[in-house]
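**Student:** Here you go, entry.txt (compact mmCIF, C-alpha atoms and all ligand atoms):
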# COMPACT_ATOMS: atom_id res chain seq x y z
CA MET A 1 -6.96 15.24 -1.36
CA LYS A 2 -5.65 17.43 -4.08
CA LEU A 3 -5.96 16.05 -7.60
CA THR A 4 -2.54 16.09 -9.20
CA LYS A 5 -1.78 16.01 -12.84
CA GLU A 6 -0.89 12.40 -13.45
CA PRO A 7 2.80 12.07 -14.41
CA GLY A 8 2.47 8.47 -15.60
CA SER A 9 4.81 5.62 -14.93
CA ALA A 10 8.58 6.04 -14.81
CA ARG A 11 8.88 2.45 -16.15
CA SER A 12 11.43 1.73 -13.46
CA GLY A 13 11.25 0.63 -9.89
CA ILE A 14 11.77 -3.07 -10.19
CA ASP A 15 15.55 -2.60 -10.07
CA ASP A 16 15.35 -0.84 -6.71
CA TRP A 17 13.09 -3.55 -5.42
CA TYR A 18 15.40 -6.26 -6.74
CA TRP A 19 18.59 -4.77 -5.29
CA GLN A 20 16.97 -4.21 -1.95
CA ARG A 21 16.04 -7.87 -1.75
CA LEU A 22 19.29 -9.18 -3.19
CA SER A 23 21.30 -7.12 -0.71
CA ALA A 24 19.06 -8.33 2.12
CA VAL A 25 19.80 -11.96 1.22
CA MET A 26 23.52 -11.23 1.00
CA LEU A 27 23.45 -9.52 4.38
CA ALA A 28 21.59 -12.41 5.94
CA LEU A 29 24.31 -14.77 4.71
CA LEU A 30 27.37 -12.61 5.32
CA LEU A 31 26.60 -10.54 8.39
CA PRO A 32 26.91 -13.45 10.85
CA LEU A 33 30.55 -14.02 9.77
CA PRO A 34 32.10 -10.98 11.52
CA PHE A 35 30.19 -11.91 14.66
CA VAL A 36 31.62 -15.43 14.50
CA LEU A 37 35.06 -13.84 14.27
CA ILE A 38 34.45 -11.55 17.22
CA ILE A 39 33.15 -14.40 19.34
CA SER A 40 36.10 -16.61 18.48
CA VAL A 41 38.49 -13.79 19.38
CA TYR A 42 36.81 -13.18 22.74
CA SER A 43 36.56 -16.85 23.53
CA GLY A 44 40.28 -17.18 22.84
CA GLY A 45 39.85 -19.46 19.84
CA VAL A 46 41.74 -17.08 17.57
CA ASP A 47 44.67 -14.90 18.60
CA GLN A 48 45.69 -11.60 17.03
CA LEU A 49 48.01 -13.09 14.45
CA GLY A 50 45.48 -15.73 13.56
CA LEU A 51 42.88 -13.03 13.12
CA LEU A 52 45.15 -11.02 10.84
CA ASP A 53 45.90 -14.12 8.79
CA LEU A 54 42.21 -14.81 8.44
CA LEU A 55 41.41 -11.25 7.38
CA ASP A 56 44.33 -11.14 4.98
CA HIS A 57 43.21 -14.21 3.11
CA PHE A 58 41.95 -13.52 -0.40
CA VAL A 59 38.59 -15.22 0.21
CA SER A 60 38.00 -13.21 3.39
CA ARG A 61 38.76 -10.00 1.57
CA LEU A 62 36.34 -10.99 -1.14
CA LEU A 63 33.59 -11.80 1.36
CA HIS A 64 34.37 -8.64 3.27
CA THR A 65 34.03 -6.65 0.04
CA LEU A 66 30.70 -8.27 -0.76
CA LEU A 67 29.50 -7.60 2.78
CA ILE A 68 30.36 -3.93 2.68
CA LEU A 69 28.80 -3.52 -0.78
CA ALA A 70 25.61 -5.26 0.31
CA LEU A 71 25.50 -3.15 3.46
CA ILE A 72 25.83 0.08 1.53
CA VAL A 73 23.35 -0.89 -1.17
CA HIS A 74 20.83 -2.02 1.43
CA ALA A 75 21.22 1.07 3.61
CA TYR A 76 21.01 3.32 0.55
CA MET A 77 17.84 1.66 -0.76
CA GLY A 78 16.19 1.67 2.67
CA LEU A 79 16.96 5.31 3.41
CA LYS A 80 15.96 6.32 -0.11
CA VAL A 81 12.53 4.80 0.44
CA ILE A 82 12.23 6.62 3.77
CA PHE A 83 13.14 9.94 2.15
CA GLU A 84 10.65 9.28 -0.65
CA ASP A 85 7.98 8.48 1.91
CA TYR A 86 8.40 11.41 4.24
CA VAL A 87 10.17 14.22 2.39
CA GLN A 88 7.42 15.68 0.28
CA GLN A 89 9.32 18.45 -1.46
CA ILE A 90 11.03 17.09 -4.55
CA GLY A 91 13.94 19.52 -4.24
CA TRP A 92 14.77 18.37 -0.73
CA ARG A 93 14.18 14.76 -1.63
CA VAL A 94 16.61 14.80 -4.54
CA THR A 95 19.21 16.74 -2.54
CA LEU A 96 19.02 14.40 0.43
CA ILE A 97 19.16 11.25 -1.68
CA ALA A 98 22.07 12.59 -3.74
CA GLY A 99 23.91 13.71 -0.60
CA MET A 100 23.40 10.30 0.93
CA LEU A 101 24.72 8.63 -2.21
CA VAL A 102 27.91 10.71 -2.09
CA VAL A 103 28.52 10.10 1.63
CA MET A 104 27.85 6.37 1.38
CA SER A 105 30.01 5.90 -1.72
CA GLY A 106 32.84 7.76 0.00
CA PHE A 107 32.49 5.56 3.04
CA GLY A 108 32.44 2.45 0.84
CA LEU A 109 35.55 3.48 -1.07
CA TRP A 110 37.38 4.23 2.17
CA TRP A 111 36.44 0.83 3.54
CA LEU A 112 37.44 -0.96 0.34
CA ALA A 113 40.79 0.84 0.47
CA ILE A 114 41.31 -0.61 3.93
CA ILE A 115 40.26 -4.13 2.93
CA TRP A 116 42.53 -4.27 -0.09
CA ALA A 117 45.27 -2.12 1.48
CA TRP A 118 45.32 0.29 -1.43
CA GLY A 119 48.25 2.63 -1.20
CA GLY A 120 50.22 0.12 0.85
CA MET B 121 -27.62 -6.89 24.04
CA THR B 122 -29.02 -3.64 25.44
CA ASP B 123 -32.14 -2.08 23.93
CA VAL B 124 -30.47 1.23 23.16
CA ILE B 125 -27.44 1.73 21.01
CA LYS B 126 -25.09 4.59 21.84
CA LEU B 127 -23.28 6.23 18.96
CA SER B 128 -20.85 9.07 18.62
CA VAL B 129 -20.92 10.35 15.07
CA PHE B 130 -18.56 12.70 13.24
CA ARG B 131 -20.35 15.85 12.11
CA TYR B 132 -19.07 18.62 9.89
CA ASP B 133 -20.85 21.05 7.66
CA PRO B 134 -18.21 23.28 6.08
CA GLU B 135 -20.81 25.95 5.39
CA LYS B 136 -21.77 26.27 9.04
CA ASP B 137 -19.21 24.69 11.32
CA ASP B 138 -15.77 26.08 12.09
CA LYS B 139 -14.50 22.62 12.78
CA PRO B 140 -15.76 19.05 13.01
CA PHE B 141 -17.24 17.67 16.21
CA MET B 142 -18.61 14.37 17.48
CA GLN B 143 -22.33 14.18 18.18
CA SER B 144 -23.90 11.62 20.49
CA TYR B 145 -27.05 9.73 19.59
CA GLU B 146 -29.08 7.00 21.21
CA VAL B 147 -30.92 4.65 18.91
CA ALA B 148 -33.54 2.06 19.75
CA VAL B 149 -32.92 -1.53 18.80
CA THR B 150 -35.52 -2.11 16.12
CA LYS B 151 -34.72 -5.63 14.99
CA PRO B 152 -32.44 -8.53 15.78
CA GLY B 153 -29.16 -8.63 13.87
CA MET B 154 -29.18 -4.86 13.34
CA LYS B 155 -26.36 -3.46 11.29
CA LEU B 156 -24.63 -0.13 11.79
CA LEU B 157 -26.35 1.27 8.69
CA ASP B 158 -29.73 0.54 10.31
CA ALA B 159 -28.71 2.71 13.26
CA LEU B 160 -27.57 5.53 10.97
CA ASN B 161 -30.81 5.28 9.01
CA TYR B 162 -32.75 5.43 12.28
CA ILE B 163 -30.94 8.64 13.21
CA LYS B 164 -31.58 10.15 9.80
CA TRP B 165 -35.23 9.16 9.62
CA HIS B 166 -36.32 9.63 13.25
CA ILE B 167 -33.87 11.84 15.12
CA ASP B 168 -31.82 14.15 12.93
CA GLY B 169 -32.47 14.49 9.22
CA THR B 170 -29.36 16.59 8.70
CA LEU B 171 -26.99 13.67 9.24
CA THR B 172 -25.37 13.02 5.88
CA TYR B 173 -23.85 9.76 4.64
CA ARG B 174 -23.77 7.63 1.51
CA ARG B 175 -25.55 4.35 1.15
CA SER B 176 -27.40 2.50 -1.52
CA CYS B 177 -27.68 -1.27 -1.68
CA GLY B 178 -27.67 -1.98 2.05
CA GLU B 179 -26.05 -5.36 1.49
CA GLY B 180 -22.35 -4.87 0.85
CA VAL B 181 -22.54 -4.68 -2.93
CA CYS B 182 -22.38 -1.04 -3.95
CA GLY B 183 -19.44 -0.03 -1.76
CA SER B 184 -20.82 3.40 -0.95
CA ASP B 185 -20.93 3.30 2.86
CA GLY B 186 -17.27 2.75 3.68
CA LEU B 187 -16.75 4.34 7.11
CA ASN B 188 -14.31 4.32 9.95
CA ILE B 189 -16.09 2.37 12.68
CA ASN B 190 -14.46 2.35 16.12
CA GLY B 191 -11.19 3.07 14.37
CA VAL B 192 -11.51 0.30 11.79
CA ASN B 193 -12.66 0.80 8.21
CA GLY B 194 -15.68 -1.16 7.08
CA LEU B 195 -19.04 -1.07 5.34
CA ALA B 196 -21.78 0.12 7.70
CA CYS B 197 -24.41 -2.07 6.05
CA ILE B 198 -22.66 -5.35 6.81
CA THR B 199 -21.15 -4.42 10.17
CA PRO B 200 -23.30 -5.92 12.96
CA ILE B 201 -23.97 -3.63 15.93
CA GLU B 202 -23.46 -6.61 18.16
CA GLY B 203 -19.81 -6.91 19.00
CA LEU B 204 -19.10 -3.20 18.55
CA LYS B 205 -17.92 -1.40 21.67
CA GLN B 206 -20.31 1.39 22.61
CA PRO B 207 -20.54 4.27 22.13
CA ILE B 208 -19.79 3.34 18.54
CA HIS B 209 -17.48 5.94 17.05
CA VAL B 210 -18.43 6.55 13.46
CA ARG B 211 -16.09 8.66 11.37
CA PRO B 212 -15.51 9.26 7.66
CA LEU B 213 -12.81 7.24 5.90
CA PRO B 214 -9.40 8.41 7.17
CA SER B 215 -7.20 10.84 5.23
CA MET B 216 -10.05 11.89 2.96
CA HIS B 217 -11.44 15.38 2.44
CA VAL B 218 -14.80 15.63 4.10
CA ILE B 219 -17.58 17.10 1.99
CA ARG B 220 -20.10 16.87 4.78
CA ASP B 221 -20.45 14.66 7.86
CA LEU B 222 -19.58 11.13 6.73
CA VAL B 223 -19.43 11.92 3.01
CA VAL B 224 -15.90 12.19 1.63
CA ASP B 225 -14.48 13.25 -1.71
CA MET B 226 -13.77 10.05 -3.67
CA ASN B 227 -12.69 11.79 -6.89
CA HIS B 228 -9.01 11.09 -6.56
CA PHE B 229 -9.69 7.48 -5.56
CA PHE B 230 -11.77 6.88 -8.68
CA ASP B 231 -9.32 8.80 -10.79
CA GLN B 232 -6.66 6.32 -9.71
CA TYR B 233 -9.01 3.50 -10.61
CA ARG B 234 -9.41 5.03 -14.06
CA GLN B 235 -5.64 5.18 -14.41
CA ILE B 236 -5.34 1.40 -14.41
CA GLN B 237 -7.82 1.32 -17.33
CA PRO B 238 -10.34 -1.10 -15.87
CA TRP B 239 -11.75 -2.52 -19.06
CA MET B 240 -10.77 -5.36 -21.34
CA GLN B 241 -8.20 -4.43 -23.96
CA THR B 242 -7.42 -6.65 -26.92
CA THR B 243 -5.48 -6.59 -30.17
CA THR B 244 -6.95 -9.60 -31.94
CA PRO B 245 -10.10 -9.05 -34.03
CA THR B 246 -13.34 -9.27 -32.12
CA PRO B 247 -14.74 -12.79 -32.56
CA GLU B 248 -18.22 -13.28 -33.90
CA HIS B 249 -19.45 -14.38 -30.50
CA GLU B 250 -18.03 -13.64 -27.07
CA ARG B 251 -14.39 -14.08 -26.05
CA LEU B 252 -14.29 -17.41 -24.29
CA GLN B 253 -12.64 -18.14 -20.98
CA SER B 254 -11.90 -21.58 -19.57
CA PRO B 255 -13.08 -22.44 -16.04
CA GLU B 256 -9.41 -22.32 -14.97
CA GLY B 257 -9.02 -18.87 -16.50
CA ARG B 258 -12.17 -17.73 -14.75
CA LYS B 259 -10.85 -19.06 -11.47
CA MET B 260 -7.93 -16.63 -11.69
CA LEU B 261 -10.38 -13.78 -11.17
CA ASP B 262 -11.60 -15.09 -7.83
CA GLY B 263 -10.48 -12.84 -5.02
CA GLN B 264 -10.13 -9.96 -7.50
CA TYR B 265 -13.47 -9.30 -9.14
CA GLU B 266 -15.42 -9.15 -5.87
CA CYS B 267 -13.98 -5.73 -5.01
CA VAL B 268 -16.74 -3.16 -4.58
CA LEU B 269 -14.38 -0.14 -4.62
CA CYS B 270 -15.46 1.00 -1.19
CA GLY B 271 -12.04 2.50 -0.48
CA CYS B 272 -11.74 0.91 2.97
CA CYS B 273 -8.36 -0.57 2.06
CA THR B 274 -6.81 2.40 0.29
CA THR B 275 -7.77 4.89 2.99
CA ALA B 276 -6.28 2.56 5.62
CA CYS B 277 -2.94 2.38 3.85
CA PRO B 278 -0.20 4.49 5.46
CA SER B 279 1.75 4.57 2.22
CA TRP B 280 -1.27 6.07 0.49
CA TRP B 281 -1.61 8.63 3.28
CA TRP B 282 1.96 9.83 2.66
CA ASN B 283 2.10 9.49 -1.12
CA GLY B 284 -1.47 9.07 -2.29
CA ASP B 285 -0.97 11.56 -5.08
CA ARG B 286 1.28 9.04 -6.85
CA PHE B 287 0.92 5.65 -5.15
CA LEU B 288 -2.13 4.02 -6.70
CA GLY B 289 -3.15 2.33 -3.46
CA PRO B 290 -4.39 -1.20 -2.77
CA ALA B 291 -7.84 -0.94 -4.39
CA ALA B 292 -6.58 0.32 -7.76
CA LEU B 293 -3.69 -2.15 -7.70
CA LEU B 294 -5.98 -5.07 -6.88
CA GLN B 295 -8.03 -4.02 -9.89
CA ALA B 296 -4.90 -3.66 -12.01
CA ASN B 297 -4.09 -7.24 -11.12
CA ARG B 298 -7.63 -8.30 -11.94
CA TRP B 299 -7.01 -7.25 -15.57
CA ILE B 300 -3.44 -8.52 -15.64
CA VAL B 301 -4.57 -12.04 -14.73
CA ASP B 302 -7.64 -12.02 -16.99
CA SER B 303 -6.96 -14.63 -19.67
CA ARG B 304 -8.93 -12.64 -22.26
CA ASP B 305 -7.05 -9.36 -21.84
CA GLU B 306 -4.25 -9.02 -24.38
CA LEU B 307 -2.42 -5.91 -23.24
CA THR B 308 -0.81 -7.34 -20.12
CA GLY B 309 2.56 -5.88 -21.08
CA LYS B 310 1.19 -2.38 -21.45
CA ARG B 311 -0.59 -2.72 -18.12
CA LEU B 312 2.65 -3.75 -16.45
CA ASP B 313 4.46 -0.82 -18.10
CA GLN B 314 1.87 1.57 -16.73
CA ILE B 315 2.37 0.58 -13.12
CA GLU B 316 6.07 -0.26 -13.00
CA ASP B 317 7.05 2.73 -10.98
CA ALA B 318 8.74 3.37 -7.64
CA PHE B 319 5.69 5.36 -6.57
CA ARG B 320 2.70 3.95 -8.41
CA LEU B 321 3.41 0.36 -7.36
CA TYR B 322 6.50 -0.04 -5.21
CA ARG B 323 5.32 2.37 -2.52
CA CYS B 324 3.53 -0.63 -1.07
CA HIS B 325 5.64 -1.68 1.90
CA GLN B 326 3.53 -4.72 2.76
CA ILE B 327 2.09 -3.17 5.89
CA MET B 328 -1.07 -5.23 5.18
CA ASN B 329 -3.52 -2.71 6.64
CA CYS B 330 -5.44 -3.07 3.39
CA MET B 331 -6.05 -6.76 3.88
CA GLU B 332 -7.28 -6.23 7.43
CA ALA B 333 -9.57 -3.42 6.35
CA CYS B 334 -11.28 -5.10 3.41
CA PRO B 335 -14.92 -5.85 4.30
CA LYS B 336 -15.08 -8.32 1.40
CA ASP B 337 -12.15 -10.32 2.81
CA LEU B 338 -10.00 -9.67 -0.22
CA ASN B 339 -6.24 -9.52 -0.09
CA PRO B 340 -4.81 -6.56 -2.01
CA THR B 341 -1.33 -7.25 -0.60
CA ALA B 342 -1.30 -10.62 -2.35
CA ALA B 343 -2.48 -8.98 -5.58
CA ILE B 344 0.32 -6.42 -5.34
CA ASP B 345 2.83 -9.20 -4.71
CA SER B 346 1.54 -11.04 -7.74
CA ILE B 347 2.12 -7.93 -9.89
CA LYS B 348 5.64 -7.60 -8.47
CA ARG B 349 6.35 -11.24 -9.28
CA LYS B 350 5.10 -10.74 -12.84
CA LEU B 351 7.42 -7.76 -13.24
CA LEU B 352 10.31 -9.79 -11.89
CA ALA B 353 9.53 -12.66 -14.24
CA ARG B 354 9.37 -10.25 -17.16
CA LYS B 355 12.76 -8.81 -16.30
CA SER B 356 14.48 -12.12 -15.56
S1 LIG C 1 0.12 -3.85 2.04
FE1 LIG C 1 0.71 -2.19 0.69
S2 LIG C 1 -1.17 -1.41 -0.12
FE2 LIG C 1 -1.71 -2.66 1.65
S3 LIG C 1 -1.84 -1.22 3.36
FE3 LIG C 1 0.21 -1.99 3.26
S4 LIG C 1 1.41 -0.55 2.04
FE4 LIG C 1 -0.77 -0.20 1.67
S1 LIG C 2 -10.30 -4.41 -1.98
FE1 LIG C 2 -11.85 -4.56 -0.40
S2 LIG C 2 -11.57 -2.73 0.86
FE2 LIG C 2 -10.52 -2.39 -1.04
S3 LIG C 2 -11.96 -1.27 -2.28
FE3 LIG C 2 -12.14 -3.45 -2.80
S4 LIG C 2 -13.76 -4.22 -1.48
FE4 LIG C 2 -13.14 -2.25 -0.65
S1 LIG C 3 -24.87 0.32 1.23
FE1 LIG C 3 -24.02 -0.67 -0.50
S2 LIG C 3 -22.22 -1.53 0.33
FE2 LIG C 3 -23.17 -0.70 2.08
Here is a file; write its structure as structure tokens.
**Tutor:**
Amino acid sequence: MKLTKEPGSARSGIDDWYWQRLSAVMLALLLPLPFVLIISVYSGGVDQLGLLDLLDHFVSRLLHTLLILALIVHAYMGLKVIFEDYVQQIGWRVTLIAGMLVVMSGFGLWWLAIIWAWGG
Amino acid sequence: MTDVIKLSVFRYDPEKDDKPFMQSYEVAVTKPGMKLLDALNYIKWHIDGTLTYRRSCGEGVCGSDGLNINGVNGLACITPIEGLKQPIHVRPLPSMHVIRDLVVDMNHFFDQYRQIQPWMQTTTPTPEHERLQSPEGRKMLDGQYECVLCGCCTTACPSWWWNGDRFLGPAALLQANRWIVDSRDELTGKRLDQIEDAFRLYRCHQIMNCMEACPKDLNPTAAIDSIKRKLLARKS
């Protein structure tokens, strides 16, 4: 193995680790909810209007927001680690991670706009 | 147990060979409870003096004969022949540059060990006698100090294979923890600063190959987790 000049510690890293775990816990708690909804729709427990009422409710919108944020944070952190593991060239690594950040933030904003019906 | 041992040993002499090859040997059983190192010694002393490998203590203390044995890393001197599927495939530690046959370049590995500054660091004045440690404090070092730096864990770690230039690897991190938990060391904060890094520390994805590979039954994964918990506690 090639000896590299030691760049020292970036004195960061715990935040990534923390957010990855926090988002995992949030996902574990929140992700079952949409499945409960789907099952209750298919089993006939909730009709279309009931579903809309449920989704419209302030608390559901809040939970929905948290879910989508946790999903994006978790996916971002996970993919970032994969890029760091397997993309060896720093230039490519930074480009891919930055590109991913832009795409995911765009997706998140679009989703939030739907949840909160921004723009009517 | 049969009275001959069949081995297939990795050979490579960069000055002569274009590429590495596996060479077969048959070794007589010379004593009960023979270890793999005994078989290698037999080859070197009676069959083929050109076979090159490291060894010193012969009893699992010096850490110099870390090898890949039937696909699993271990110390040849404490690996019993009995129980090994034959022919026994003996290869150098994975992912390492081979200098010759079973001897690999450990420079980078020891350089990473140096990076965690494996010596006691203090700020208080040196006492007249030694720095004392309570039995409880001493107990904290169990499972850490026994490491013989054989490299079996680090060279079995996939994260180190991909990012070994920056990820310190399980052996160096176990040693980092050994100094972090030492009650006499006074620069814990600086030590934590030096390894808090997405690559140096957090590249460990808890694959636990290191723990399986360690011939001294140590658990580097647990040590790494303990460092992560300390960092979390410091931040919280
Ligand atoms: S637990 Fe961490 S250090 Fe050990 S083999 Fe897995 S990734 Fe490497
Ligand atoms: S932790 Fe175990 S495998 Fe790793 S270097 Fe130390 S003794 Fe060898
Ligand atoms: S020869 Fe010393 S550990 Fe095996």
**Student:** In Å, how far is it from atom S1 of ligand LIG 3 (chain C) to atom CA of B:Leu269?
**Tutor:**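 Distance between the two atoms: 12.0 Å.
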**Student:** Write out as a ChimeraX atom specification every residue belonging to chain A that has an atom at most 12 Å from any atom of chain B, counting all atoms listed in the file.
**Tutor:** /A:1-21,77-78,80-89
**Student:** Between B:Asn188, B:Asn161, B:Gln264, B:Ser254, which has the minimum distance to ligand LIG 2 (chain C) (counting only C-alpha atoms and all ligand atoms)?
**Tutor:** B:Gln264
**Student:** Go through the chains and note each residue within 6 Å of ligand LIG 2 (chain C), using only C-alpha atoms and all ligand atoms, then give the set as JSON, numbers by chain.
**Tutor:** {"B": [267, 268, 269, 270, 271, 272, 273, 291, 333, 334, 335, 336, 338, 340]}
**Student:** Just want the residues within 6 Å of ligand LIG 1 (chain C), written as a VMD selection string, counting only C-alpha atoms and all ligand atoms.
**Tutor:** chain B and resid 277 279 289 to 290 324 to 330 341
**Student:** In terms of the shortest atom-to-atom distance over all atoms listed in the file, which of B:Ser184, B:Thr170, B:Thr275, B:Ser144 is closest to ligand LIG 3 (chain C)?
**Tutor:**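 Closest to ligand LIG 3 (chain C) of all the choices is B:Ser184.
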**Student:** Dump the neighbourhood of ligand LIG 3 (chain C) as a PyMOL selection string: all residues within 12 Å, distances computed on only C-alpha atoms and all ligand atoms.
**Tutor:** chain B and resi 155-158+160-161+173-187+194-199+266-272+334-336
